[in-house]
>>> print(open('structure.json').read())   # JSON, C-alpha atoms
[["chain", "number", "residue", "atom", "x", "y", "z"],
["A", 266, "MET", "CA", -3.66, 118.25, 240.73],
["A", 267, "ILE", "CA", -1.45, 115.83, 238.80],
["A", 268, "SER", "CA", -3.54, 112.87, 239.92],
["A", 269, "HIS", "CA", -6.69, 114.65, 238.70],
["A", 270, "VAL", "CA", -5.15, 115.11, 235.24],
["A", 271, "PHE", "CA", -3.98, 111.49, 235.24],
["A", 272, "GLU", "CA", -7.49, 110.28, 236.17],
["A", 273, "LYS", "CA", -8.97, 112.38, 233.36],
["A", 274, "ILE", "CA", -6.53, 110.93, 230.80],
["A", 275, "LYS", "CA", -7.17, 107.42, 232.09],
["A", 276, "PHE", "CA", -10.94, 107.92, 231.78],
["A", 277, "VAL", "CA", -10.70, 109.27, 228.23],
["A", 278, "SER", "CA", -8.37, 106.43, 227.21],
["A", 279, "VAL", "CA", -10.69, 103.76, 228.61],
["A", 280, "LEU", "CA", -13.70, 105.43, 226.99],
["A", 281, "PHE", "CA", -11.87, 105.52, 223.66],
["A", 282, "ILE", "CA", -10.92, 101.84, 223.88],
["A", 283, "TYR", "CA", -14.41, 100.66, 224.80],
["A", 284, "THR", "CA", -16.04, 102.88, 222.20],
["A", 285, "PHE", "CA", -13.98, 102.09, 219.12],
["A", 286, "PHE", "CA", -12.22, 98.77, 219.49],
["A", 287, "PRO", "CA", -15.30, 96.55, 219.95],
["A", 288, "LEU", "CA", -16.75, 97.92, 216.69],
["A", 289, "ASN", "CA", -13.92, 96.71, 214.49],
["A", 290, "PRO", "CA", -14.67, 92.97, 214.79],
["A", 291, "LEU", "CA", -18.38, 93.71, 214.37],
["A", 292, "ILE", "CA", -17.81, 95.67, 211.18],
["A", 293, "ALA", "CA", -15.41, 93.04, 209.87],
["A", 294, "ASN", "CA", -17.94, 90.31, 210.65],
["A", 295, "GLN", "CA", -20.76, 92.12, 208.84],
["A", 296, "SER", "CA", -18.51, 92.75, 205.85],
["A", 297, "LYS", "CA", -17.51, 89.08, 205.78],
["A", 298, "ASP", "CA", -21.18, 88.03, 205.92],
["A", 299, "TYR", "CA", -22.06, 90.39, 203.06],
["A", 300, "LEU", "CA", -19.24, 89.02, 200.91],
["A", 301, "LYS", "CA", -20.37, 85.46, 201.61],
["A", 302, "ILE", "CA", -23.97, 86.26, 200.68],
["A", 303, "ASP", "CA", -22.78, 88.05, 197.53],
["A", 304, "MET", "CA", -20.69, 85.01, 196.56],
["A", 305, "LEU", "CA", -23.65, 82.66, 197.15],
["A", 306, "VAL", "CA", -25.93, 84.79, 194.98],
["A", 307, "PHE", "CA", -23.33, 85.02, 192.22],
["A", 308, "ARG", "CA", -22.86, 81.25, 192.28],
["A", 309, "CYS", "CA", -26.61, 80.70, 192.17],
["A", 310, "TYR", "CA", -27.04, 82.88, 189.10],
["A", 311, "LYS", "CA", -24.09, 81.16, 187.45],
["A", 312, "ASP", "CA", -25.19, 77.60, 188.28],
["A", 313, "ARG", "CA", -28.78, 76.96, 189.40],
["A", 314, "LYS", "CA", -27.74, 73.77, 191.21],
["A", 315, "SER", "CA", -26.00, 75.85, 193.87],
["A", 316, "CYS", "CA", -29.14, 77.92, 194.59],
["A", 317, "LYS", "CA", -30.44, 75.47, 197.18],
["A", 318, "GLU", "CA", -27.30, 75.88, 199.29],
["A", 319, "ALA", "CA", -27.55, 79.65, 198.91],
["A", 320, "LEU", "CA", -31.18, 79.60, 200.04],
["A", 321, "PHE", "CA", -30.36, 77.60, 203.17],
["A", 322, "GLU", "CA", -27.48, 79.89, 204.14],
["A", 323, "ILE", "CA", -29.38, 83.12, 203.44],
["A", 324, "ASN", "CA", -32.30, 81.73, 205.43],
["A", 325, "ASP", "CA", -29.95, 81.28, 208.41],
["A", 326, "TYR", "CA", -28.86, 84.92, 208.11],
["A", 327, "GLN", "CA", -32.52, 85.94, 207.86],
["A", 328, "LYS", "CA", -33.39, 84.04, 211.05],
["A", 329, "ASN", "CA", -30.47, 85.64, 212.88],
["A", 330, "ALA", "CA", -31.60, 89.08, 211.72],
["A", 331, "ALA", "CA", -35.08, 88.35, 213.13],
["A", 332, "ILE", "CA", -33.64, 87.16, 216.45],
["A", 333, "ASN", "CA", -31.54, 90.33, 216.68],
["A", 334, "LYS", "CA", -34.58, 92.46, 215.78],
["A", 335, "LYS", "CA", -32.94, 93.78, 212.61],
["A", 336, "PHE", "CA", -36.18, 93.78, 210.69],
["A", 337, "ALA", "CA", -35.00, 95.98, 207.81],
["A", 338, "CYS", "CA", -32.20, 93.49, 207.19],
["A", 339, "GLN", "CA", -34.53, 90.52, 207.58],
["A", 340, "THR", "CA", -36.97, 91.94, 205.03],
["A", 341, "ARG", "CA", -34.24, 92.38, 202.44],
["A", 342, "LEU", "CA", -32.91, 88.88, 203.03],
["A", 343, "LEU", "CA", -36.44, 87.50, 202.54],
["A", 344, "GLY", "CA", -36.64, 89.43, 199.27],
["A", 345, "LEU", "CA", -33.33, 87.94, 198.19],
["A", 346, "GLU", "CA", -34.59, 84.46, 199.02],
["A", 347, "ALA", "CA", -37.67, 85.06, 196.85],
["A", 348, "ASN", "CA", -35.44, 86.30, 194.05],
["A", 349, "LEU", "CA", -33.30, 83.17, 194.23],
["A", 350, "ILE", "CA", -36.39, 80.96, 194.17],
["A", 351, "MET", "CA", -37.40, 82.71, 190.96],
["A", 352, "ALA", "CA", -33.89, 82.15, 189.62],
["A", 353, "ILE", "CA", -34.27, 78.43, 190.30],
["A", 354, "ASN", "CA", -37.46, 78.47, 188.25],
["A", 355, "SER", "CA", -35.61, 80.15, 185.34],
["A", 356, "ASN", "CA", -37.24, 83.50, 185.95],
["A", 357, "PHE", "CA", -33.88, 85.26, 186.29],
["A", 358, "LYS", "CA", -33.89, 88.78, 187.65],
["A", 359, "ARG", "CA", -30.24, 89.68, 188.11],
["A", 360, "LYS", "CA", -30.91, 93.42, 188.22],
["A", 361, "GLU", "CA", -33.30, 92.94, 191.12],
["A", 362, "ALA", "CA", -30.74, 90.80, 192.93],
["A", 363, "LYS", "CA", -28.16, 93.59, 192.54],
["A", 364, "VAL", "CA", -30.58, 96.15, 194.00],
["A", 365, "ILE", "CA", -31.40, 93.81, 196.89],
["A", 366, "MET", "CA", -27.70, 93.15, 197.55],
["A", 367, "ASP", "CA", -27.03, 96.89, 197.67],
["A", 368, "SER", "CA", -29.77, 97.36, 200.26],
["A", 369, "ILE", "CA", -28.52, 94.33, 202.24],
["A", 370, "LYS", "CA", -25.11, 95.97, 202.38],
["A", 371, "LYS", "CA", -26.75, 99.12, 203.72],
["A", 372, "TYR", "CA", -29.19, 97.60, 206.23],
["A", 373, "CYS", "CA", -27.40, 94.47, 207.39]]
>>> encode(input="structure.json", output="structure tokens")
Amino acid sequence: MISHVFEKIKFVSVLFIYTFFPLNPLIANQSKDYLKIDMLVFRCYKDRKSCKEALFEINDYQKNAAINKKFACQTRLLGLEANLIMAINSNFKRKEAKVIMDSIKKYC
């Protein structure tokens, strides 16, 4: 009887570890990526010369989203790229970038 209880506790503990601990690095990674994208966009709107670097980096994220079949994320990253291209051409749309960034945070 004691071994049965011990096996049950062991199973629940292992299940808990495998369920919750692997998510923490994933969530931290996604948060770090979002902050990096946000910083790139902010820099682009502040200084148009940095937009090219932002476009290349965001394009890499977009490609990774496509590879991982995260199409909602990919679509929003493509929209952000288009917005930054317009920013380069002096057609600034900061409000749109903010809306896109909010949806990137949600879907990526």
>>> residues_around(input="structure.json", residues="Lys311 in chain A", least_positions_apart="2", cutoff="12 Å", atoms="all atoms listed in the file", output="list in words")
Met304, Leu305, Val306, Phe307, Arg308, Cys309, Arg313, Lys314, Ser315, Cys316, Leu349, Ala352, Ile353, Ser355, Phe357 and Arg359 of chain A
>>> atom_distance(input="structure.json", atom1="CA of Asn333 in chain A", atom2="CA of Lys297 in chain A")
17.8 Å
>>> atom_distance(input="structure.json", atom1="CA of Asp325 in chain A", atom2="CA of Lys363 in chain A")
20.2 Å
>>> residues_around(input="structure.json", residues="Tyr372 in chain A", least_positions_apart="6", cutoff="12 Å", atoms="all atoms listed in the file", output="JSON list (two decimals) with C-alpha atoms, in the frame of the given file")
[["chain", "number", "residue", "atom", "x", "y", "z"],
["A", 295, "GLN", "CA", -20.76, 92.12, 208.84],
["A", 296, "SER", "CA", -18.51, 92.75, 205.85],
["A", 299, "TYR", "CA", -22.06, 90.39, 203.06],
["A", 330, "ALA", "CA", -31.60, 89.08, 211.72],
["A", 335, "LYS", "CA", -32.94, 93.78, 212.61],
["A", 336, "PHE", "CA", -36.18, 93.78, 210.69],
["A", 337, "ALA", "CA", -35.00, 95.98, 207.81],
["A", 338, "CYS", "CA", -32.20, 93.49, 207.19],
["A", 339, "GLN", "CA", -34.53, 90.52, 207.58],
["A", 340, "THR", "CA", -36.97, 91.94, 205.03],
["A", 341, "ARG", "CA", -34.24, 92.38, 202.44],
["A", 342, "LEU", "CA", -32.91, 88.88, 203.03],
["A", 365, "ILE", "CA", -31.40, 93.81, 196.89],
["A", 366, "MET", "CA", -27.70, 93.15, 197.55]]
>>> axis_aligned_box(input="structure.json", around="range 313-330 of chain A", padding_each_side="6 Å", output="lines of an AutoDock Vina configuration file")
center_x = -29.7
center_y = 81.4
center_z = 201.1
size_x = 19.4
size_y = 27.3
size_z = 35.5
>>> atom_distance(input="structure.json", atom1="CA of Ile369 in chain A", atom2="CA of Lys317 in chain A")
19.6 Å
